[in-house]
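**Student:** What follows is a single structure, and I will ask about it in a moment.
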Amino acid sequence: MKQLSTKVTGNGHGQDSSYFLGWEEYEKNPYDEIKNPNGMIQMGLAENQLCFDLIESWLAKNPDAASLKRNGQSIFRELALFQDYHGMPEFKKAMAEFMEEIRGNRVTFDPRKIVLAAGSTSANETLMFCLAEHGDAFLLPTPYYPGFDRDLKWRTGAEIVPIHCSSSNGFQITEAALQQAYQQAHKLDLKVKGVLVTNPSNPLGTALTRRELNLLVDFITSKNIHLISDEIYSGTMFGFEQFISVMDVLKDKKLENTEVSRRVHVVYSLSKDLGLPGFRVGAIYSNDEMIVSAATKMSSFGLVSSQTQYLLSALLSDKKFTSQYLEENQKRLKSRQKRLVSGLESAAITCLRSNAGLFCWVDMRHLLDTNTFEAELDLWKKIVYNVKLNISPGSSCHCTEPGWFRVCFANMSEDTLDLALKRLKTFVESTDCGRMISRSSHERLKSLRKKTVSNWVFRVSWSDRVPDER
């Protein structure tokens, strides 16, 4: 028998997580309105399909970009030949300007400090290789994206230590939680190399507040460690407030071009904001020249194709298009999120108040038989196998409280979403808990949303979620 590496024989990829198992079940029986109307509806995929028509319209008006032409002349041979790993200057410039536009042009990005990667998965892993030795740790606030167990750990040998966040304050990061995670890492004899956050959060669907960002920068400054801010959902903000990047905080604190700024790194991608995961376009932005140099060399293992760079450099350089797209994307996401929340309320289910992302963090604690993760998985199995909806259980996101689920809303049509909500409502009404919910209690549930109450589901300290005025 051949001897294989432990990466092959082990389960470090995390494929046995309920997050991935739900996908496997969906692929066996995918819903189709015509061909398989009783199939499983995919609500575990954070994909943005709401504005494809805008991109398709732009492509129809700009045939040269998609046809690999410049001024009507084919550049196929130019693009087909070898391209080095630094990436096309015009594309990196367009990416930098798009990132600036999303942040209200309050901060700038130097294209020379951008490293291209085949999606944010590759970008995050590359940063792990640059910043951590085998066995070093990064602190991540919970709940976090299940794929990080693969992206950050599997091939790099790095470890994740959770920063435990609680529903008592809407899962916001606190100083106490940061310190506790740091101390726990040392108890485990792990050297902490940094903190990684997603902003806006996957799976919470909320953007970090200025208070949280200030806290994070102060923390990594005091500990002399790194901060990675994964901002791949930055263009999905649909609340009234603006997205606040860690770059905004560095500028406000006058930390630009300092030692601290060289330990703050941003990951970006076009998978979520533009809905182009199949194009595999990610990026690392760092003020550390050594990291930029090393990460650029490592990008040889996951390059962005030259034809993709050419097409997207043309699209992102069209400022009229990007402005209209971001505005319309925000409107459609907001409308779709409201549709999901309204449908959940009709089933007497609430969720964390969100202002970004392609999903909601849904509270089904009242549907659990017991307050345990075993009961959460039992409920999840019923929803997957009986209701035929693939949603992601909170335990797969390392949530410390059973009964939470991530439910996506932007990867399907309105009719499909309505059908999914109808199925869920029918299921809830069939449970003992559902039968106990009377019409009067349902009306009280709706009225509670209009009041200031102690329960964070309706309050969420929302004033803390609005950026500070400066």
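Labels for the structure tokens follow display order: chains A, B, ..., residues from 1 in each chain, ligands from 1.
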Residues at most 9 Å from Leu312 (chain A), counting only C-alpha atoms, excluding those fewer than 6 positions away in the same chain, as a VMD selection string?
**Tutor:** chain A and resid 65 91 94 to 95
**Student:** Go ahead and write the residues just picked, N, CA and C atoms, as an mmCIF file, in the first residue's frame.
**Tutor:**
data_model
loop_
_atom_site.group_PDB
_atom_site.id
_atom_site.type_symbol
_atom_site.label_atom_id
_atom_site.label_comp_id
_atom_site.auth_asym_id
_atom_site.auth_seq_id
_atom_site.Cartn_x
_atom_site.Cartn_y
_atom_site.Cartn_z
ATOM 1 N N ALA A 65 -14.393 44.104 -24.728
ATOM 2 C CA ALA A 65 -13.839 43.546 -23.490
ATOM 3 C C ALA A 65 -14.025 42.037 -23.432
ATOM 4 N N PHE A 91 -5.192 46.528 -14.445
ATOM 5 C CA PHE A 91 -6.198 45.857 -13.619
ATOM 6 C C PHE A 91 -6.001 46.180 -12.141
ATOM 7 N N ALA A 94 -7.371 49.549 -11.515
ATOM 8 C CA ALA A 94 -8.834 49.548 -11.495
ATOM 9 C C ALA A 94 -9.357 48.932 -10.196
ATOM 10 N N MET A 95 -8.720 47.866 -9.719
ATOM 11 C CA MET A 95 -9.116 47.248 -8.451
ATOM 12 C C MET A 95 -8.938 48.228 -7.299
#
**Student:** As a VMD selection string, which residues of region 298-409 of chain A does DSSP assign to strand (DSSP E)?
**Tutor:** chain A and resid 350 to 351 359 to 363 389 to 390 392 to 393 404 to 408
**Student:** With all heavy atoms retained, export the selected residues as a compact mmCIF listing (two decimals), in the first residue's frame.
**Tutor:**
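After the write, again-v4.txt holds the following:
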# COMPACT_ATOMS: atom_id res chain seq x y z
N THR A 350 -37.10 35.06 14.32
CA THR A 350 -36.42 36.34 14.24
C THR A 350 -34.95 36.13 13.87
O THR A 350 -34.47 35.01 13.80
CB THR A 350 -36.48 37.08 15.59
OG1 THR A 350 -35.89 36.27 16.60
CG2 THR A 350 -37.92 37.41 15.96
N CYS A 351 -34.26 37.22 13.62
CA CYS A 351 -32.84 37.11 13.30
C CYS A 351 -32.12 38.38 13.76
O CYS A 351 -32.74 39.40 14.06
CB CYS A 351 -32.63 36.89 11.81
SG CYS A 351 -33.42 38.07 10.73
N PHE A 359 -26.80 37.20 3.62
CA PHE A 359 -27.39 36.21 4.51
C PHE A 359 -27.88 36.89 5.78
O PHE A 359 -27.53 38.05 6.05
CB PHE A 359 -26.36 35.14 4.88
CG PHE A 359 -24.96 35.69 4.95
CD1 PHE A 359 -24.56 36.51 6.00
CD2 PHE A 359 -24.06 35.43 3.93
CE1 PHE A 359 -23.28 37.04 6.04
CE2 PHE A 359 -22.78 35.98 3.96
CZ PHE A 359 -22.39 36.78 5.02
N CYS A 360 -28.67 36.16 6.54
CA CYS A 360 -29.09 36.61 7.87
C CYS A 360 -28.68 35.55 8.89
O CYS A 360 -28.60 34.36 8.58
CB CYS A 360 -30.60 36.83 7.92
SG CYS A 360 -31.14 38.36 7.11
N TRP A 361 -28.44 36.00 10.11
CA TRP A 361 -28.10 35.13 11.23
C TRP A 361 -29.40 34.89 12.00
O TRP A 361 -29.90 35.75 12.70
CB TRP A 361 -27.05 35.80 12.08
CG TRP A 361 -26.41 34.96 13.16
CD1 TRP A 361 -26.36 35.26 14.49
CD2 TRP A 361 -25.69 33.73 13.00
NE1 TRP A 361 -25.66 34.29 15.17
CE2 TRP A 361 -25.23 33.34 14.28
CE3 TRP A 361 -25.38 32.92 11.91
CZ2 TRP A 361 -24.49 32.18 14.49
CZ3 TRP A 361 -24.65 31.76 12.12
CH2 TRP A 361 -24.21 31.40 13.39
N VAL A 362 -29.96 33.70 11.81
CA VAL A 362 -31.34 33.41 12.18
C VAL A 362 -31.42 32.68 13.52
O VAL A 362 -30.68 31.72 13.76
CB VAL A 362 -32.03 32.59 11.07
CG1 VAL A 362 -33.46 32.25 11.46
CG2 VAL A 362 -32.00 33.38 9.75
N ASP A 363 -32.32 33.14 14.35
CA ASP A 363 -32.49 32.60 15.70
C ASP A 363 -33.61 31.56 15.73
O ASP A 363 -34.78 31.90 15.64
CB ASP A 363 -32.82 33.77 16.66
CG ASP A 363 -32.93 33.33 18.11
OD1 ASP A 363 -32.72 32.13 18.38
OD2 ASP A 363 -33.22 34.18 18.96
N LEU A 389 -34.36 22.26 2.76
CA LEU A 389 -33.66 23.55 2.69
C LEU A 389 -32.26 23.34 3.24
O LEU A 389 -32.10 22.82 4.34
CB LEU A 389 -34.37 24.62 3.53
CG LEU A 389 -35.84 24.92 3.26
CD1 LEU A 389 -36.34 25.98 4.24
CD2 LEU A 389 -36.04 25.39 1.83
N ASN A 390 -31.24 23.72 2.47
CA ASN A 390 -29.89 23.64 3.01
C ASN A 390 -29.52 24.97 3.64
O ASN A 390 -29.32 25.97 2.95
CB ASN A 390 -28.87 23.31 1.91
CG ASN A 390 -27.45 23.28 2.48
OD1 ASN A 390 -27.24 22.85 3.61
ND2 ASN A 390 -26.49 23.77 1.71
N SER A 392 -27.07 26.67 7.08
CA SER A 392 -25.83 26.34 7.80
C SER A 392 -26.04 26.48 9.30
O SER A 392 -26.37 27.57 9.78
CB SER A 392 -24.70 27.26 7.35
OG SER A 392 -24.52 27.19 5.94
N PRO A 393 -25.85 25.40 10.07
CA PRO A 393 -26.04 25.49 11.52
C PRO A 393 -24.93 26.29 12.18
O PRO A 393 -23.79 26.30 11.72
CB PRO A 393 -25.99 24.02 11.97
CG PRO A 393 -25.20 23.33 10.91
CD PRO A 393 -25.50 24.05 9.62
N TRP A 404 -28.62 28.84 16.41
CA TRP A 404 -28.47 29.88 15.39
C TRP A 404 -28.12 29.24 14.04
O TRP A 404 -27.42 28.24 13.99
CB TRP A 404 -27.37 30.87 15.79
CG TRP A 404 -27.70 31.67 17.00
CD1 TRP A 404 -27.43 31.35 18.30
CD2 TRP A 404 -28.39 32.92 17.03
NE1 TRP A 404 -27.90 32.33 19.14
CE2 TRP A 404 -28.50 33.31 18.38
CE3 TRP A 404 -28.93 33.75 16.04
CZ2 TRP A 404 -29.12 34.49 18.76
CZ3 TRP A 404 -29.54 34.93 16.42
CH2 TRP A 404 -29.64 35.28 17.77
N PHE A 405 -28.60 29.86 12.96
CA PHE A 405 -28.36 29.33 11.62
C PHE A 405 -28.09 30.49 10.65
O PHE A 405 -28.71 31.54 10.76
CB PHE A 405 -29.59 28.56 11.12
CG PHE A 405 -29.88 27.31 11.89
CD1 PHE A 405 -30.57 27.37 13.10
CD2 PHE A 405 -29.48 26.07 11.43
CE1 PHE A 405 -30.85 26.22 13.83
CE2 PHE A 405 -29.75 24.91 12.14
CZ PHE A 405 -30.43 24.98 13.34
N ARG A 406 -27.19 30.25 9.70
CA ARG A 406 -26.98 31.22 8.62
C ARG A 406 -27.88 30.84 7.45
O ARG A 406 -27.84 29.71 6.97
CB ARG A 406 -25.53 31.24 8.16
CG ARG A 406 -25.21 32.42 7.23
CD ARG A 406 -23.86 32.29 6.56
NE ARG A 406 -23.87 31.27 5.50
CZ ARG A 406 -22.90 31.13 4.60
NH1 ARG A 406 -21.84 31.91 4.63
NH2 ARG A 406 -22.97 30.19 3.69
N VAL A 407 -28.66 31.81 6.98
CA VAL A 407 -29.59 31.59 5.87
C VAL A 407 -29.30 32.62 4.78
O VAL A 407 -29.39 33.83 5.02
CB VAL A 407 -31.05 31.69 6.35
CG1 VAL A 407 -32.01 31.49 5.17
CG2 VAL A 407 -31.34 30.67 7.45
N CYS A 408 -28.96 32.14 3.59
CA CYS A 408 -28.60 33.03 2.47
C CYS A 408 -29.85 33.40 1.68
O CYS A 408 -30.80 32.62 1.58
CB CYS A 408 -27.59 32.36 1.56
SG CYS A 408 -26.04 31.94 2.38
**Student:** For Ala295 (chain A), which of A:Thr6, A:Asn371, A:Ser122, A:Gln49 is the closest residue, counting only C-alpha atoms?
**Tutor:**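 Among A:Thr6, A:Asn371, A:Ser122, A:Gln49, it is A:Ser122 that comes nearest to Ala295 (chain A).
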**Student:** So which one's closest to Leu303 (chain A), A:Thr108, A:Ser261, A:Gln83, A:Thr206? Using only C-alpha atoms, please.
**Tutor:**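 So, comparing all the options, the nearest one is A:Gln83.
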**Student:** I need the residues in region 59-264 of chain A that are alpha helix (DSSP H) according to DSSP; give them as an NGL selection string.
**Tutor:** :A and (59-61 or 63-66 or 76-80 or 89-102 or 119-131 or 148-151 or 175-187 or 210-223 or 246-252)
**Student:** Just the residues within 9 Å of Arg262 (chain A), please, counting only C-alpha atoms, with nothing from its chain fewer than 2 positions along; format it as a count of residues only.
**Tutor:** 12
**Student:** Extract, using only C-alpha atoms, all DNA, RNA and protein residues at most 10 Å from region 379-385 of chain A, discarding same-chain residues fewer than 4 positions from it, and format them as a list in words.
**Tutor:** Ser18, Gly22, Trp23, Glu25, Tyr26, Met40, Ile41, Gln42, Met364, Arg365, Leu367, Leu368, Asp369, Phe373, Glu374, Ala375, Leu389, Asn390, Ile391, Ser392, Pro393, Gly394, Gly403, Phe405, Arg423, Leu424, Phe427 and Val428 of chain A
**Student:** Mind pulling up the distance from CA of Val246 (chain A) to CA of Glu133 (chain A)?
**Tutor:**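 Computing the Euclidean distance for CA of Glu133 (chain A) and CA of Val246 (chain A) yields 24.8 Å.
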**Student:** Which one is closest to Lys193 (chain A): A:Val8, A:Met290, A:Leu50, A:Ala132? Count only C-alpha atoms.
**Tutor:**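 Going through A:Val8, A:Met290, A:Leu50, A:Ala132 one by one, the smallest distance to Lys193 (chain A) is for A:Ala132.
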**Student:** Using only C-alpha atoms, which residue out of A:Gly12, A:Pro111, A:Gly44, A:Pro37 lies closest to Asp149 (chain A)?
**Tutor:**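 Of A:Gly12, A:Pro111, A:Gly44, A:Pro37, the one nearest Asp149 (chain A) is A:Gly12, counting only C-alpha atoms.
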**Student:** Using only C-alpha atoms, which protein or nucleic acid residues come within 12 Å of Thr126 (chain A)? Drop anything in the same chain fewer than 5 positions from it, and give the result as a PyMOL selection string.
**Tutor:** chain A and resi 115-121+131-132+151-153+155-156+158+228+265+267+282-285+291-302
**Student:** Any chance you can output those residues with N, CA, C and O atoms as a CSV table (one decimal), in the first residue's frame?
**Tutor:**
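Output file out.csv is given in full below:
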chain,number,residue,atom,x,y,z
A,115,VAL,N,-1.5,42.5,-4.2
A,115,VAL,CA,-1.1,41.2,-4.7
A,115,VAL,C,-2.3,40.4,-5.1
A,115,VAL,O,-3.3,40.2,-4.3
A,116,LEU,N,-2.4,40.0,-6.4
A,116,LEU,CA,-3.5,39.3,-6.9
A,116,LEU,C,-3.5,37.8,-6.5
A,116,LEU,O,-2.4,37.2,-6.4
A,117,ALA,N,-4.7,37.2,-6.3
A,117,ALA,CA,-4.8,35.8,-5.9
A,117,ALA,C,-6.0,35.3,-6.5
A,117,ALA,O,-7.0,36.0,-6.9
A,118,ALA,N,-6.1,33.9,-6.6
A,118,ALA,CA,-7.2,33.2,-7.1
A,118,ALA,C,-8.3,33.2,-6.1
A,118,ALA,O,-8.7,32.1,-5.6
A,119,GLY,N,-8.9,34.3,-5.8
A,119,GLY,CA,-10.0,34.4,-4.8
A,119,GLY,C,-9.5,34.7,-3.4
A,119,GLY,O,-8.3,34.6,-3.1
A,120,SER,N,-10.4,35.0,-2.5
A,120,SER,CA,-10.0,35.3,-1.1
A,120,SER,C,-9.5,34.1,-0.4
A,120,SER,O,-8.7,34.2,0.6
A,121,THR,N,-10.0,32.9,-0.8
A,121,THR,CA,-9.4,31.7,-0.2
A,121,THR,C,-7.9,31.6,-0.3
A,121,THR,O,-7.2,31.4,0.6
A,131,LEU,N,2.8,35.0,7.4
A,131,LEU,CA,2.8,35.6,8.8
A,131,LEU,C,3.0,34.5,9.9
A,131,LEU,O,3.4,34.9,11.0
A,132,ALA,N,2.7,33.3,9.6
A,132,ALA,CA,2.7,32.3,10.7
A,132,ALA,C,3.6,31.1,10.4
A,132,ALA,O,3.6,30.6,9.2
A,151,ASP,N,-9.2,27.0,5.0
A,151,ASP,CA,-8.4,28.1,4.3
A,151,ASP,C,-7.1,28.4,5.1
A,151,ASP,O,-6.0,28.6,4.6
A,152,LEU,N,-7.3,28.6,6.4
A,152,LEU,CA,-6.2,29.1,7.3
A,152,LEU,C,-5.3,28.0,7.9
A,152,LEU,O,-4.2,28.2,8.2
A,153,LYS,N,-5.9,26.8,8.0
A,153,LYS,CA,-5.2,25.7,8.8
A,153,LYS,C,-4.6,24.6,7.9
A,153,LYS,O,-3.6,24.0,8.2
A,155,ARG,N,-3.3,23.5,5.0
A,155,ARG,CA,-2.0,23.4,4.4
A,155,ARG,C,-0.9,24.1,5.1
A,155,ARG,O,0.3,23.8,5.0
A,156,THR,N,-1.3,25.2,5.9
A,156,THR,CA,-0.3,26.0,6.5
A,156,THR,C,0.2,25.5,7.8
A,156,THR,O,1.3,25.8,8.3
A,158,ALA,N,-1.2,26.4,10.6
A,158,ALA,CA,-1.5,27.4,11.6
A,158,ALA,C,-2.7,26.9,12.4
A,158,ALA,O,-3.5,26.0,12.0
A,228,ILE,N,-5.6,40.9,10.2
A,228,ILE,CA,-6.1,40.7,8.8
A,228,ILE,C,-7.5,41.1,8.8
A,228,ILE,O,-8.3,40.5,9.6
A,265,HIS,N,-3.4,44.2,7.3
A,265,HIS,CA,-3.5,43.7,6.0
A,265,HIS,C,-5.0,43.5,5.6
A,265,HIS,O,-5.8,43.0,6.4
A,267,VAL,N,-7.8,41.9,2.9
A,267,VAL,CA,-8.1,40.9,1.9
A,267,VAL,C,-9.4,41.3,1.2
A,267,VAL,O,-10.4,41.8,1.8
A,282,GLY,N,-9.1,37.5,-6.3
A,282,GLY,CA,-8.9,38.0,-4.9
A,282,GLY,C,-7.7,38.9,-4.9
A,282,GLY,O,-7.0,39.0,-5.9
A,283,ALA,N,-7.5,39.5,-3.7
A,283,ALA,CA,-6.4,40.4,-3.6
A,283,ALA,C,-6.0,40.6,-2.1
A,283,ALA,O,-6.8,40.5,-1.2
A,284,ILE,N,-4.7,40.8,-1.9
A,284,ILE,CA,-4.1,41.1,-0.6
A,284,ILE,C,-3.6,42.6,-0.8
A,284,ILE,O,-3.0,42.9,-1.8
A,285,TYR,N,-3.9,43.4,0.3
A,285,TYR,CA,-3.3,44.7,0.3
A,285,TYR,C,-2.5,44.8,1.6
A,285,TYR,O,-3.0,44.6,2.7
A,291,ILE,N,6.1,41.4,2.8
A,291,ILE,CA,4.9,40.6,2.6
A,291,ILE,C,4.4,40.7,1.2
A,291,ILE,O,4.1,39.7,0.5
A,292,VAL,N,4.4,41.9,0.6
A,292,VAL,CA,4.0,42.1,-0.8
A,292,VAL,C,4.9,41.3,-1.7
A,292,VAL,O,4.4,40.6,-2.6
A,293,SER,N,6.2,41.4,-1.5
A,293,SER,CA,7.1,40.7,-2.3
A,293,SER,C,7.0,39.2,-2.2
A,293,SER,O,6.9,38.4,-3.2
A,294,ALA,N,6.9,38.6,-1.0
A,294,ALA,CA,6.8,37.2,-0.8
A,294,ALA,C,5.4,36.7,-1.3
A,294,ALA,O,5.3,35.6,-2.0
A,295,ALA,N,4.3,37.4,-1.0
A,295,ALA,CA,3.0,37.0,-1.4
A,295,ALA,C,2.9,37.0,-3.0
A,295,ALA,O,2.2,36.2,-3.6
A,296,THR,N,3.6,38.0,-3.6
A,296,THR,CA,3.6,38.0,-5.1
A,296,THR,C,4.2,36.8,-5.7
A,296,THR,O,3.7,36.2,-6.6
A,297,LYS,N,5.3,36.4,-5.1
A,297,LYS,CA,6.0,35.1,-5.5
A,297,LYS,C,5.1,33.9,-5.3
A,297,LYS,O,5.0,33.0,-6.2
A,298,MET,N,4.4,33.9,-4.1
A,298,MET,CA,3.5,32.8,-3.8
A,298,MET,C,2.3,32.7,-4.8
A,298,MET,O,1.7,31.7,-5.0
A,299,SER,N,1.9,33.9,-5.3
A,299,SER,CA,0.8,33.9,-6.2
A,299,SER,C,0.9,33.1,-7.4
A,299,SER,O,-0.1,32.9,-8.2
A,300,SER,N,2.1,32.7,-7.7
A,300,SER,CA,2.3,31.8,-8.9
A,300,SER,C,1.5,30.5,-8.8
A,300,SER,O,1.2,29.9,-9.8
A,301,PHE,N,1.1,30.1,-7.5
A,301,PHE,CA,0.3,28.9,-7.3
A,301,PHE,C,-1.2,29.2,-7.5
A,301,PHE,O,-2.0,28.2,-7.4
A,302,GLY,N,-1.6,30.4,-7.7
A,302,GLY,CA,-3.0,30.7,-7.9
A,302,GLY,C,-3.2,32.0,-8.6
A,302,GLY,O,-3.7,33.0,-8.0
